[in-house]
file final.csv (CSV, C-alpha atoms (C1' of nucleotides))
chain,number,residue,atom,x,y,z
I,1,MET,CA,0.0,0.0,0.0
I,2,LYS,CA,2.8,2.4,0.7
I,3,LYS,CA,3.7,4.2,-2.5
I,4,SER,CA,7.0,5.4,-3.8
I,5,SER,CA,7.8,8.9,-4.9
I,6,GLU,CA,7.8,7.6,-8.5
I,7,GLU,CA,4.5,5.9,-8.3
I,8,ILE,CA,2.9,9.0,-7.0
I,9,LEU,CA,4.4,11.3,-9.6
I,10,SER,CA,3.6,9.1,-12.5
I,11,SER,CA,0.1,8.6,-11.3
I,12,LEU,CA,-0.3,12.4,-11.2
I,13,ALA,CA,1.4,12.8,-14.6
I,14,SER,CA,-1.1,10.3,-16.1
I,15,GLN,CA,-3.9,12.7,-15.0
I,16,GLY,CA,-2.2,15.5,-16.9
I,17,PHE,CA,-0.5,17.2,-14.0
I,18,ARG,CA,3.1,18.3,-14.3
I,19,MET,CA,6.2,16.9,-12.7
I,20,THR,CA,7.7,20.1,-11.4
I,21,ARG,CA,10.7,20.7,-9.3
I,22,LEU,CA,8.5,21.7,-6.3
I,23,ARG,CA,6.2,18.7,-6.7
I,24,LYS,CA,9.1,16.3,-6.9
I,25,ALA,CA,10.8,17.8,-3.9
I,26,ILE,CA,7.7,17.8,-1.7
I,27,ILE,CA,6.7,14.3,-2.6
I,28,GLY,CA,10.2,13.2,-2.0
I,29,VAL,CA,10.1,14.7,1.5
I,30,PHE,CA,6.8,13.0,2.3
I,31,THR,CA,7.9,9.6,1.0
I,32,GLY,CA,11.2,9.8,2.8
I,33,ASN,CA,9.8,10.8,6.2
I,34,GLY,CA,7.0,8.9,7.8
I,35,LEU,CA,5.9,11.4,10.5
I,36,PRO,CA,3.3,14.1,10.2
I,37,MET,CA,4.8,17.3,9.0
I,38,SER,CA,3.7,20.9,9.2
I,39,ALA,CA,4.0,23.3,6.3
I,40,GLU,CA,6.7,25.2,8.1
I,41,GLU,CA,8.7,22.0,8.7
I,42,LEU,CA,8.3,21.0,5.1
I,43,MET,CA,9.6,24.4,4.0
I,44,ASP,CA,12.6,24.0,6.4
I,45,ILE,CA,13.4,20.7,4.9
I,46,LEU,CA,13.1,22.0,1.4
I,47,ARG,CA,15.3,25.0,2.3
I,48,ALA,CA,17.9,22.7,3.7
I,49,GLY,CA,17.9,20.7,0.5
I,50,ASN,CA,18.4,23.9,-1.6
I,51,THR,CA,14.9,23.6,-3.0
I,52,ALA,CA,13.4,26.7,-1.3
I,53,PHE,CA,10.0,27.8,-2.6
I,54,ASN,CA,7.6,30.6,-1.8
I,55,ARG,CA,5.4,30.0,1.2
I,56,THR,CA,2.3,30.4,-0.9
I,57,THR,CA,3.5,27.9,-3.4
I,58,VAL,CA,4.2,25.4,-0.8
I,59,TYR,CA,0.7,25.8,0.7
I,60,ARG,CA,-0.7,25.5,-2.7
I,61,GLU,CA,1.1,22.3,-3.4
I,62,ILE,CA,0.0,20.9,-0.1
I,63,GLY,CA,-3.6,21.8,-1.1
I,64,PHE,CA,-3.1,20.1,-4.4
I,65,LEU,CA,-1.8,16.9,-2.9
I,66,LYS,CA,-4.5,16.9,-0.3
I,67,ALA,CA,-7.2,17.3,-2.9
I,68,ARG,CA,-5.8,14.4,-5.0
I,69,GLY,CA,-5.7,12.2,-1.9
I,70,VAL,CA,-1.9,11.9,-1.9
I,71,ILE,CA,-1.6,13.3,1.6
I,72,ASN,CA,-3.9,13.5,4.6
I,73,GLU,CA,-4.3,16.4,6.9
I,74,ILE,CA,-4.0,15.8,10.7
I,75,GLN,CA,-4.5,18.2,13.5
I,76,PHE,CA,-3.1,17.3,16.9
I,77,LEU,CA,-4.8,18.5,20.0
I,78,HIS,CA,-3.3,21.7,21.3
I,79,GLU,CA,-1.3,22.4,18.2
I,80,ARG,CA,-2.1,25.3,16.1
I,81,VAL,CA,-0.6,24.0,12.9
I,82,LYS,CA,-1.9,21.5,10.5
I,83,ARG,CA,0.2,18.5,9.7
I,84,TYR,CA,0.3,16.2,6.7
I,85,GLU,CA,1.4,12.7,6.0
I,86,LEU,CA,1.2,10.3,3.1
I,87,ALA,CA,-2.2,8.9,2.6
I,88,SER,CA,-0.9,5.6,1.3
I,89,LEU,CA,0.6,4.7,4.6
I,90,GLU,CA,-1.1,1.8,6.4
I,91,HIS,CA,-4.0,3.0,8.6
I,92,HIS,CA,-2.5,3.9,11.9
I,93,HIS,CA,-2.8,6.3,14.9
I,94,HIS,CA,-0.3,8.5,16.7
I,95,LEU,CA,1.4,8.3,20.1
I,96,VAL,CA,2.4,11.8,21.2
I,97,CYS,CA,4.9,11.9,24.1
I,98,LEU,CA,4.0,14.6,26.5
I,99,ARG,CA,7.6,14.9,27.6
I,100,CYS,CA,9.8,14.8,24.5
I,101,LYS,CA,7.0,15.7,22.1
I,102,ARG,CA,8.0,13.0,19.7
I,103,VAL,CA,5.3,11.2,17.7
I,104,GLU,CA,5.3,7.5,16.9
I,105,ASP,CA,2.9,5.6,14.7
I,106,ILE,CA,0.8,2.8,16.1
I,107,VAL,CA,-1.1,0.2,14.2
I,108,LEU,CA,-3.8,-1.4,16.3
I,109,GLU,CA,-4.7,-5.1,16.0
I,110,ASN,CA,-8.2,-4.9,14.8
I,111,ASP,CA,-8.4,-1.2,15.3
I,112,LEU,CA,-11.8,0.1,16.6
I,113,ALA,CA,-14.0,-2.5,15.0
I,114,ASP,CA,-15.8,-3.4,18.3
I,115,GLN,CA,-16.4,0.2,19.2
I,116,GLU,CA,-17.7,1.0,15.8
I,117,ARG,CA,-20.1,-1.9,15.9
I,118,SER,CA,-21.4,-0.8,19.3
I,119,ILE,CA,-21.8,2.7,18.0
I,120,LEU,CA,-24.0,1.5,15.2
I,121,ASP,CA,-26.0,-0.6,17.6
I,122,SER,CA,-26.5,2.0,20.2
I,123,LYS,CA,-26.8,5.2,18.2
I,124,GLY,CA,-27.6,4.1,14.6
I,125,PHE,CA,-24.5,6.1,13.6
I,126,HIS,CA,-22.6,4.6,10.7
I,127,VAL,CA,-18.9,5.3,11.2
I,128,THR,CA,-16.9,5.7,8.0
I,129,ASN,CA,-13.7,7.0,9.5
I,130,HIS,CA,-12.1,7.8,12.9
I,131,MET,CA,-9.2,9.7,14.2
I,132,LEU,CA,-7.4,8.7,17.3
I,133,GLU,CA,-4.5,10.3,19.2
I,134,PHE,CA,-2.9,8.9,22.3
I,135,HIS,CA,-1.0,11.1,24.7
I,136,GLY,CA,1.4,9.8,27.3
I,137,ILE,CA,5.0,9.0,28.1
I,138,CYS,CA,7.2,7.1,25.6
I,139,ARG,CA,9.6,4.3,26.5
I,140,GLY,CA,12.6,6.5,26.3
I,141,CYS,CA,11.2,9.2,28.6
I,142,ASN,CA,10.0,6.6,31.0
I,143,ARG,CA,13.4,5.4,32.1
A,1,MET,CA,-19.3,14.0,38.2
A,2,LYS,CA,-21.2,16.6,36.1
A,3,LYS,CA,-21.1,19.9,38.0
A,4,SER,CA,-23.8,22.6,38.2
A,5,SER,CA,-23.2,26.2,37.4
A,6,GLU,CA,-23.4,27.0,41.1
A,7,GLU,CA,-20.8,24.4,42.1
A,8,ILE,CA,-18.4,25.7,39.6
A,9,LEU,CA,-18.8,29.3,40.6
A,10,SER,CA,-18.6,28.7,44.3
A,11,SER,CA,-15.5,26.6,43.8
A,12,LEU,CA,-13.9,29.5,41.9
A,13,ALA,CA,-15.1,32.0,44.5
A,14,SER,CA,-13.4,29.9,47.2
A,15,GLN,CA,-10.2,30.3,45.3
A,16,GLY,CA,-10.6,34.1,45.4
A,17,PHE,CA,-11.9,34.6,41.9
A,18,ARG,CA,-14.8,36.8,41.3
A,19,MET,CA,-18.3,36.0,40.3
A,20,THR,CA,-18.8,38.4,37.5
A,21,ARG,CA,-21.6,38.9,35.0
A,22,LEU,CA,-19.5,37.4,32.2
A,23,ARG,CA,-18.3,34.5,34.3
A,24,LYS,CA,-21.8,33.6,35.4
A,25,ALA,CA,-23.1,33.9,31.8
A,26,ILE,CA,-20.4,31.8,30.3
A,27,ILE,CA,-20.5,29.0,32.9
A,28,GLY,CA,-24.3,29.1,32.5
A,29,VAL,CA,-24.0,28.5,28.8
A,30,PHE,CA,-21.5,25.6,29.2
A,31,THR,CA,-23.6,23.9,31.9
A,32,GLY,CA,-26.7,24.3,29.9
A,33,ASN,CA,-25.4,23.0,26.6
A,34,GLY,CA,-23.5,19.7,26.4
A,35,LEU,CA,-21.9,20.0,23.0
A,36,PRO,CA,-18.5,21.4,22.2
A,37,MET,CA,-18.8,25.1,21.5
A,38,SER,CA,-16.5,27.5,19.6
A,39,ALA,CA,-15.7,31.0,21.0
A,40,GLU,CA,-17.8,32.5,18.2
A,41,GLU,CA,-20.8,30.3,19.0
A,42,LEU,CA,-20.4,31.2,22.7
A,43,MET,CA,-20.4,34.9,21.9
A,44,ASP,CA,-23.5,34.4,19.7
A,45,ILE,CA,-25.3,32.8,22.6
A,46,LEU,CA,-24.3,35.5,25.0
A,47,ARG,CA,-25.4,38.2,22.6
A,48,ALA,CA,-28.7,36.4,22.1
A,49,GLY,CA,-29.1,36.5,25.9
A,50,ASN,CA,-28.3,40.2,26.1
A,51,THR,CA,-25.0,39.5,27.8
A,52,ALA,CA,-22.7,40.6,25.0
A,53,PHE,CA,-19.1,41.0,25.8
A,54,ASN,CA,-16.0,42.0,24.1
A,55,ARG,CA,-14.3,39.4,22.0
A,56,THR,CA,-11.0,39.7,23.9
A,57,THR,CA,-12.8,39.3,27.2
A,58,VAL,CA,-14.6,36.2,26.1
A,59,TYR,CA,-11.3,34.6,24.9
A,60,ARG,CA,-9.8,35.6,28.2
A,61,GLU,CA,-12.5,34.0,30.2
A,62,ILE,CA,-12.2,30.8,28.1
A,63,GLY,CA,-8.5,30.8,28.8
A,64,PHE,CA,-9.2,31.3,32.5
A,65,LEU,CA,-11.7,28.4,32.7
A,66,LYS,CA,-9.4,26.2,30.7
A,67,ALA,CA,-6.5,27.0,33.0
A,68,ARG,CA,-8.6,26.1,36.0
A,69,GLY,CA,-9.7,22.9,34.5
A,70,VAL,CA,-13.4,23.9,34.2
A,71,ILE,CA,-13.5,23.4,30.5
A,72,ASN,CA,-11.5,21.3,28.0
A,73,GLU,CA,-10.3,22.3,24.6
A,74,ILE,CA,-11.2,20.2,21.6
A,75,GLN,CA,-10.1,20.5,18.1
A,76,PHE,CA,-12.0,18.6,15.4
A,77,LEU,CA,-10.3,17.5,12.3
A,78,HIS,CA,-10.7,19.9,9.4
A,79,GLU,CA,-12.1,22.6,11.6
A,80,ARG,CA,-10.1,25.7,12.1
A,81,VAL,CA,-11.8,26.8,15.4
A,82,LYS,CA,-11.1,25.4,18.8
A,83,ARG,CA,-14.1,24.1,20.7
A,84,TYR,CA,-14.7,23.8,24.4
A,85,GLU,CA,-16.8,21.7,26.7
A,86,LEU,CA,-17.3,21.2,30.4
A,87,ALA,CA,-14.4,19.2,31.8
A,88,SER,CA,-16.7,17.6,34.4
A,89,LEU,CA,-18.7,15.7,31.9
A,90,GLU,CA,-18.3,11.9,31.9
A,91,HIS,CA,-15.4,10.8,29.7
A,92,HIS,CA,-16.7,10.5,26.2
A,93,HIS,CA,-16.0,10.9,22.5
A,94,HIS,CA,-17.7,12.5,19.6
A,95,LEU,CA,-19.6,11.3,16.6
A,96,VAL,CA,-19.5,13.9,13.8
A,97,CYS,CA,-22.0,13.5,11.1
A,98,LEU,CA,-20.5,14.3,7.7
A,99,ARG,CA,-23.9,15.2,6.3
A,100,CYS,CA,-25.6,17.4,8.8
A,101,LYS,CA,-22.5,18.3,10.7
A,102,ARG,CA,-24.2,17.6,14.1
A,103,VAL,CA,-22.1,16.2,16.9
A,104,GLU,CA,-23.2,13.6,19.4
A,105,ASP,CA,-21.5,12.3,22.4
A,106,ILE,CA,-20.7,8.7,22.8
A,107,VAL,CA,-19.5,6.8,25.9
A,108,LEU,CA,-17.7,3.6,25.1
A,109,GLU,CA,-18.2,0.5,27.2
A,110,ASN,CA,-14.7,0.0,28.4
A,111,ASP,CA,-13.2,2.7,26.2
A,112,LEU,CA,-9.8,1.9,24.8
A,113,ALA,CA,-8.5,-0.2,27.7
A,114,ASP,CA,-7.5,-3.1,25.4
A,115,GLN,CA,-5.8,-0.8,22.9
A,116,GLU,CA,-3.9,1.0,25.6
A,117,ARG,CA,-2.6,-2.2,27.1
A,118,SER,CA,-1.4,-3.4,23.8
A,119,ILE,CA,0.4,-0.1,23.2
A,120,LEU,CA,2.2,-0.5,26.5
A,121,ASP,CA,3.1,-4.0,25.6
A,122,SER,CA,4.3,-3.4,22.1
A,123,LYS,CA,5.8,0.1,22.4
A,124,GLY,CA,6.5,0.7,26.0
A,125,PHE,CA,4.4,3.8,25.7
A,126,HIS,CA,2.4,4.6,28.7
A,127,VAL,CA,-0.9,6.2,27.6
A,128,THR,CA,-2.3,8.8,30.0
A,129,ASN,CA,-5.0,10.2,27.8
A,130,HIS,CA,-6.5,9.9,24.3
A,131,MET,CA,-8.8,11.7,22.0
A,132,LEU,CA,-11.0,10.0,19.6
A,133,GLU,CA,-13.3,11.3,17.0
A,134,PHE,CA,-15.6,9.3,14.8
A,135,HIS,CA,-16.9,10.5,11.4
A,136,GLY,CA,-19.8,9.0,9.6
A,137,ILE,CA,-23.5,9.3,9.0
A,138,CYS,CA,-26.0,9.7,11.8
A,139,ARG,CA,-29.2,7.9,12.2
A,140,GLY,CA,-31.3,10.8,11.0
A,141,CYS,CA,-29.3,11.3,7.8
A,142,ASN,CA,-29.2,7.6,7.1
A,143,ARG,CA,-32.9,7.4,6.4
D,1,DC,C1',-8.6,49.7,48.7
D,2,DT,C1',-6.8,46.3,45.5
D,3,DA,C1',-6.4,42.2,43.0
D,4,DG,C1',-9.1,40.6,39.6
D,5,DT,C1',-11.5,41.9,35.5
D,6,DT,C1',-12.7,44.5,31.2
D,7,DG,C1',-12.3,46.9,26.7
D,8,DC,C1',-9.9,48.9,22.9
D,9,DA,C1',-6.5,48.7,19.5
D,10,DA,C1',-3.0,46.5,17.7
D,11,DA,C1',-0.2,42.4,17.1
D,12,DC,C1',0.2,37.6,15.9
D,13,DA,C1',0.4,33.1,13.6
D,14,DT,C1',-1.2,30.4,10.1
D,15,DT,C1',-3.4,29.9,5.9
D,16,DT,C1',-5.8,31.7,1.7
D,17,DT,C1',-6.7,34.7,-2.5
D,18,DG,C1',-6.1,37.9,-6.5
D,19,DC,C1',-3.5,38.7,-10.0
D,20,DC,C1',-0.2,38.4,-13.4
D,21,DA,C1',4.1,36.2,-15.1
D,22,DC,C1',6.2,31.8,-16.3
D,23,DT,C1',7.0,27.0,-18.0
D,24,DA,C1',6.4,21.9,-19.0
D,25,DG,C1',4.8,19.0,-22.2
X,1,DC,C1',0.6,27.2,-27.5
X,2,DT,C1',-1.9,26.6,-23.2
X,3,DA,C1',-3.3,24.6,-19.0
X,4,DG,C1',-1.0,24.1,-15.1
X,5,DT,C1',2.3,26.3,-12.0
X,6,DG,C1',4.9,30.0,-9.3
X,7,DG,C1',5.6,34.4,-6.8
X,8,DC,C1',4.4,38.7,-4.6
X,9,DA,C1',1.5,41.4,-1.9
X,10,DA,C1',-2.4,41.6,0.5
X,11,DA,C1',-6.5,39.6,2.9
X,12,DA,C1',-8.7,36.6,5.9
X,13,DT,C1',-9.2,33.9,10.1
X,14,DG,C1',-8.8,32.9,14.7
X,15,DT,C1',-6.5,34.1,18.7
X,16,DT,C1',-3.4,36.7,21.9
X,17,DT,C1',-1.1,40.9,24.1
X,18,DG,C1',-0.2,45.6,26.1
X,19,DC,C1',-2.1,48.8,28.6
X,20,DA,C1',-5.1,51.8,31.0
X,21,DA,C1',-9.7,52.0,33.2
X,22,DC,C1',-13.0,49.8,36.1
X,23,DT,C1',-15.3,46.9,39.9
X,24,DA,C1',-16.4,43.1,43.2
X,25,DG,C1',-15.5,41.8,47.6
call {"tool": "encode", "arguments": {"input": "final.csv", "output": "structure tokens"}}
result
Amino acid sequence: MKKSSEEILSSLASQGFRMTRLRKAIIGVFTGNGLPMSAEELMDILRAGNTAFNRTTVYREIGFLKARGVINEIQFLHERVKRYELASLEHHHHLVCLRCKRVEDIVLENDLADQERSILDSKGFHVTNHMLEFHGICRGCNR
Amino acid sequence: MKKSSEEILSSLASQGFRMTRLRKAIIGVFTGNGLPMSAEELMDILRAGNTAFNRTTVYREIGFLKARGVINEIQFLHERVKRYELASLEHHHHLVCLRCKRVEDIVLENDLADQERSILDSKGFHVTNHMLEFHGICRGCNR
DNA sequence: CTAGTTGCAAACATTTTGCCACTAG
DNA sequence: CTAGTGGCAAAATGTTTGCAACTAG
């Protein structure tokens, strides 16, 4: 399910979108870095790789990739910035360490299947998606 | 566990904080309305009740109540505004209907106990808190 | 009387828009 | 050549701060 930079680019190209320097750079950053990134962090990384682009342009490309389902938007509690990660990653959630602030991914055995069934039973609400964020102390900080 | 307007106010008073018109009005709105409210919605309700206050003041009171643990901040995915709800409500999550946008509360049987245990086992990450949001179609919209 | 509270104006952080120039295919 | 892309300046949105005036207890 996880896609490479090339797969994403050629899929976009086949839809008539261009393979520009910015697009290549941004997709490269996302495919090379699993964790949810903010626009600012993304720009820092681009800058560090000598592929600096205008703020507006970066936001626009993020919007483009979001609209095409290449990346997903995440919003952590108590953070003001939006974050983005590759949509083709396996379905997972995030563990946010309150001490070191680092984020890890977690894949749950059978996710929230039981909970979603009970929600349908008790409320008649048909869940199509969920978002879950755990806060706590990571192994490193616990020592 | 759910506290009344009076309990909250007198608890604040006992800590030396004043019982002002704004404070009474805002706490009244929160205790009378279970669902997560944005600052803007709160101001609308105040205005409708002839207790209009300056935007800054309302934000400041929200900050005050948050700092004292009276209300909690929530941030729904894809919403730009922060929302707030009484902290003394039973631990619950939210069902957000994608069609009518309404929010319902849901209390889960034994919440995410299994998942949190498995996270501790597999990652050594000690979960202290979590936030979970379900998206889907509510009973009303499903007909 | 005085710490706590309020309002105004202005600042702030993040993201979005309008408009026009540019370029990949 | 032309739809798609890029950059600049400015707007929009939601929230916060500085500061001086006001008020509950």
call {"tool": "interface_residues", "arguments": {"input": "final.csv", "of": "chain I", "to": "chain X", "cutoff": "10 Å", "atoms": "only C-alpha atoms (C1' of nucleotides)", "output": "list in words"}}
result
Gly16, Phe17, Arg18, Thr20, Leu22, Phe53, Asn54, Arg55, Thr56, Thr57, Val58, Arg60 and Glu61 of chain I
call {"tool": "interface_residues", "arguments": {"input": "final.csv", "of": "chain A", "to": "chain I", "cutoff": "6 Å", "atoms": "all atoms listed in the file", "output": "NGL selection string"}}
result
:A and (75 or 77 or 124-139)
call {"tool": "write_last_selection", "arguments": {"input": "final.csv", "atoms": "C-alpha atoms", "output": "PDB file, in the coordinates of the input"}}
result
ATOM      1  CA  GLN A  75     -10.100  20.500  18.100  1.00  0.00           C
ATOM      2  CA  LEU A  77     -10.300  17.500  12.300  1.00  0.00           C
ATOM      3  CA  GLY A 124       6.500   0.700  26.000  1.00  0.00           C
ATOM      4  CA  PHE A 125       4.400   3.800  25.700  1.00  0.00           C
ATOM      5  CA  HIS A 126       2.400   4.600  28.700  1.00  0.00           C
ATOM      6  CA  VAL A 127      -0.900   6.200  27.600  1.00  0.00           C
ATOM      7  CA  THR A 128      -2.300   8.800  30.000  1.00  0.00           C
ATOM      8  CA  ASN A 129      -5.000  10.200  27.800  1.00  0.00           C
ATOM      9  CA  HIS A 130      -6.500   9.900  24.300  1.00  0.00           C
ATOM     10  CA  MET A 131      -8.800  11.700  22.000  1.00  0.00           C
ATOM     11  CA  LEU A 132     -11.000  10.000  19.600  1.00  0.00           C
ATOM     12  CA  GLU A 133     -13.300  11.300  17.000  1.00  0.00           C
ATOM     13  CA  PHE A 134     -15.600   9.300  14.800  1.00  0.00           C
ATOM     14  CA  HIS A 135     -16.900  10.500  11.400  1.00  0.00           C
ATOM     15  CA  GLY A 136     -19.800   9.000   9.600  1.00  0.00           C
ATOM     16  CA  ILE A 137     -23.500   9.300   9.000  1.00  0.00           C
ATOM     17  CA  CYS A 138     -26.000   9.700  11.800  1.00  0.00           C
ATOM     18  CA  ARG A 139     -29.200   7.900  12.200  1.00  0.00           C
TER      19      ARG A 139
END
call {"tool": "interface_residues", "arguments": {"input": "final.csv", "of": "chain D", "to": "chain A", "cutoff": "10 Å", "atoms": "all atoms listed in the file", "output": "PyMOL selection string"}}
result
chain D and resi 3-8
call {"tool": "closest_residue", "arguments": {"input": "final.csv", "among": "I:Ile71, I:Leu65, I:Arg83, I:Ser10", "to": "I:Glu40", "atoms": "only C-alpha atoms"}}
result
I:Arg83
call {"tool": "atom_distance", "arguments": {"input": "final.csv", "atom1": "atom CA of A:Arg21", "atom2": "atom CA of A:Met1"}}
result
25.2 Å
call {"tool": "atom_distance", "arguments": {"input": "final.csv", "atom1": "atom CA of I:Phe30", "atom2": "atom CA of I:Leu86"}}
result
6.3 Å
call {"tool": "atom_distance", "arguments": {"input": "final.csv", "atom1": "atom CA of I:Leu46", "atom2": "atom CA of I:Arg99"}}
result
27.7 Å
call {"tool": "decode", "arguments": {"input": "final.csv", "residues": "stretch 105-113 of chain I", "atoms": "all heavy atoms", "output": "tab-separated table (two decimals), in the first residue's frame"}}
result
chain	number	residue	atom	x	y	z
I	105	ASP	N	4.09	6.21	15.27
I	105	ASP	CA	2.90	5.61	14.69
I	105	ASP	C	2.55	4.34	15.45
I	105	ASP	O	3.43	3.66	15.96
I	105	ASP	CB	3.16	5.23	13.22
I	105	ASP	CG	3.22	6.45	12.33
I	105	ASP	OD1	2.96	7.56	12.81
I	105	ASP	OD2	3.54	6.28	11.13
I	106	ILE	N	1.26	4.03	15.47
I	106	ILE	CA	0.84	2.76	16.06
I	106	ILE	C	-0.25	2.15	15.18
I	106	ILE	O	-1.18	2.84	14.79
I	106	ILE	CB	0.34	2.95	17.51
I	106	ILE	CG1	-0.18	1.63	18.11
I	106	ILE	CG2	-0.78	3.99	17.59
I	106	ILE	CD1	0.88	0.76	18.67
I	107	VAL	N	-0.07	0.87	14.89
I	107	VAL	CA	-1.11	0.15	14.16
I	107	VAL	C	-1.81	-0.75	15.16
I	107	VAL	O	-1.15	-1.53	15.84
I	107	VAL	CB	-0.50	-0.68	13.02
I	107	VAL	CG1	-1.58	-1.53	12.33
I	107	VAL	CG2	0.17	0.23	12.00
I	108	LEU	N	-3.12	-0.64	15.29
I	108	LEU	CA	-3.84	-1.44	16.27
I	108	LEU	C	-4.38	-2.72	15.64
I	108	LEU	O	-4.87	-2.71	14.52
I	108	LEU	CB	-4.99	-0.64	16.86
I	108	LEU	CG	-4.58	0.60	17.68
I	108	LEU	CD1	-5.82	1.38	18.10
I	108	LEU	CD2	-3.75	0.21	18.89
I	109	GLU	N	-4.28	-3.80	16.41
I	109	GLU	CA	-4.69	-5.14	15.96
I	109	GLU	C	-5.94	-5.14	15.08
I	109	GLU	O	-5.85	-5.25	13.89
I	109	GLU	CB	-4.95	-6.06	17.17
I	109	GLU	CG	-3.74	-6.32	18.01
I	109	GLU	CD	-2.62	-7.06	17.26
I	109	GLU	OE1	-2.89	-8.16	16.74
I	109	GLU	OE2	-1.47	-6.53	17.21
I	110	ASN	N	-7.11	-5.01	15.71
I	110	ASN	CA	-8.22	-4.86	14.78
I	110	ASN	C	-8.91	-3.53	15.00
I	110	ASN	O	-10.12	-3.42	14.98
I	110	ASN	CB	-9.16	-6.06	14.75
I	110	ASN	CG	-9.76	-6.35	16.10
I	110	ASN	OD1	-9.69	-5.53	17.00
I	110	ASN	ND2	-10.37	-7.50	16.23
I	111	ASP	N	-8.07	-2.58	15.23
I	111	ASP	CA	-8.45	-1.18	15.29
I	111	ASP	C	-9.67	-0.95	16.19
I	111	ASP	O	-9.68	-1.43	17.31
I	111	ASP	CB	-8.69	-0.67	13.87
I	111	ASP	CG	-8.24	0.77	13.72
I	111	ASP	OD1	-7.06	1.06	13.96
I	111	ASP	OD2	-9.09	1.62	13.41
I	112	LEU	N	-10.67	-0.26	15.74
I	112	LEU	CA	-11.80	0.06	16.61
I	112	LEU	C	-13.07	-0.65	16.14
I	112	LEU	O	-14.18	-0.16	16.36
I	112	LEU	CB	-12.02	1.57	16.62
I	112	LEU	CG	-10.81	2.39	17.07
I	112	LEU	CD1	-11.13	3.87	17.02
I	112	LEU	CD2	-10.38	2.01	18.48
I	113	ALA	N	-12.87	-1.83	15.55
I	113	ALA	CA	-14.02	-2.55	14.98
I	113	ALA	C	-15.12	-2.76	16.02
I	113	ALA	O	-16.30	-2.51	15.74
I	113	ALA	CB	-13.56	-3.88	14.42
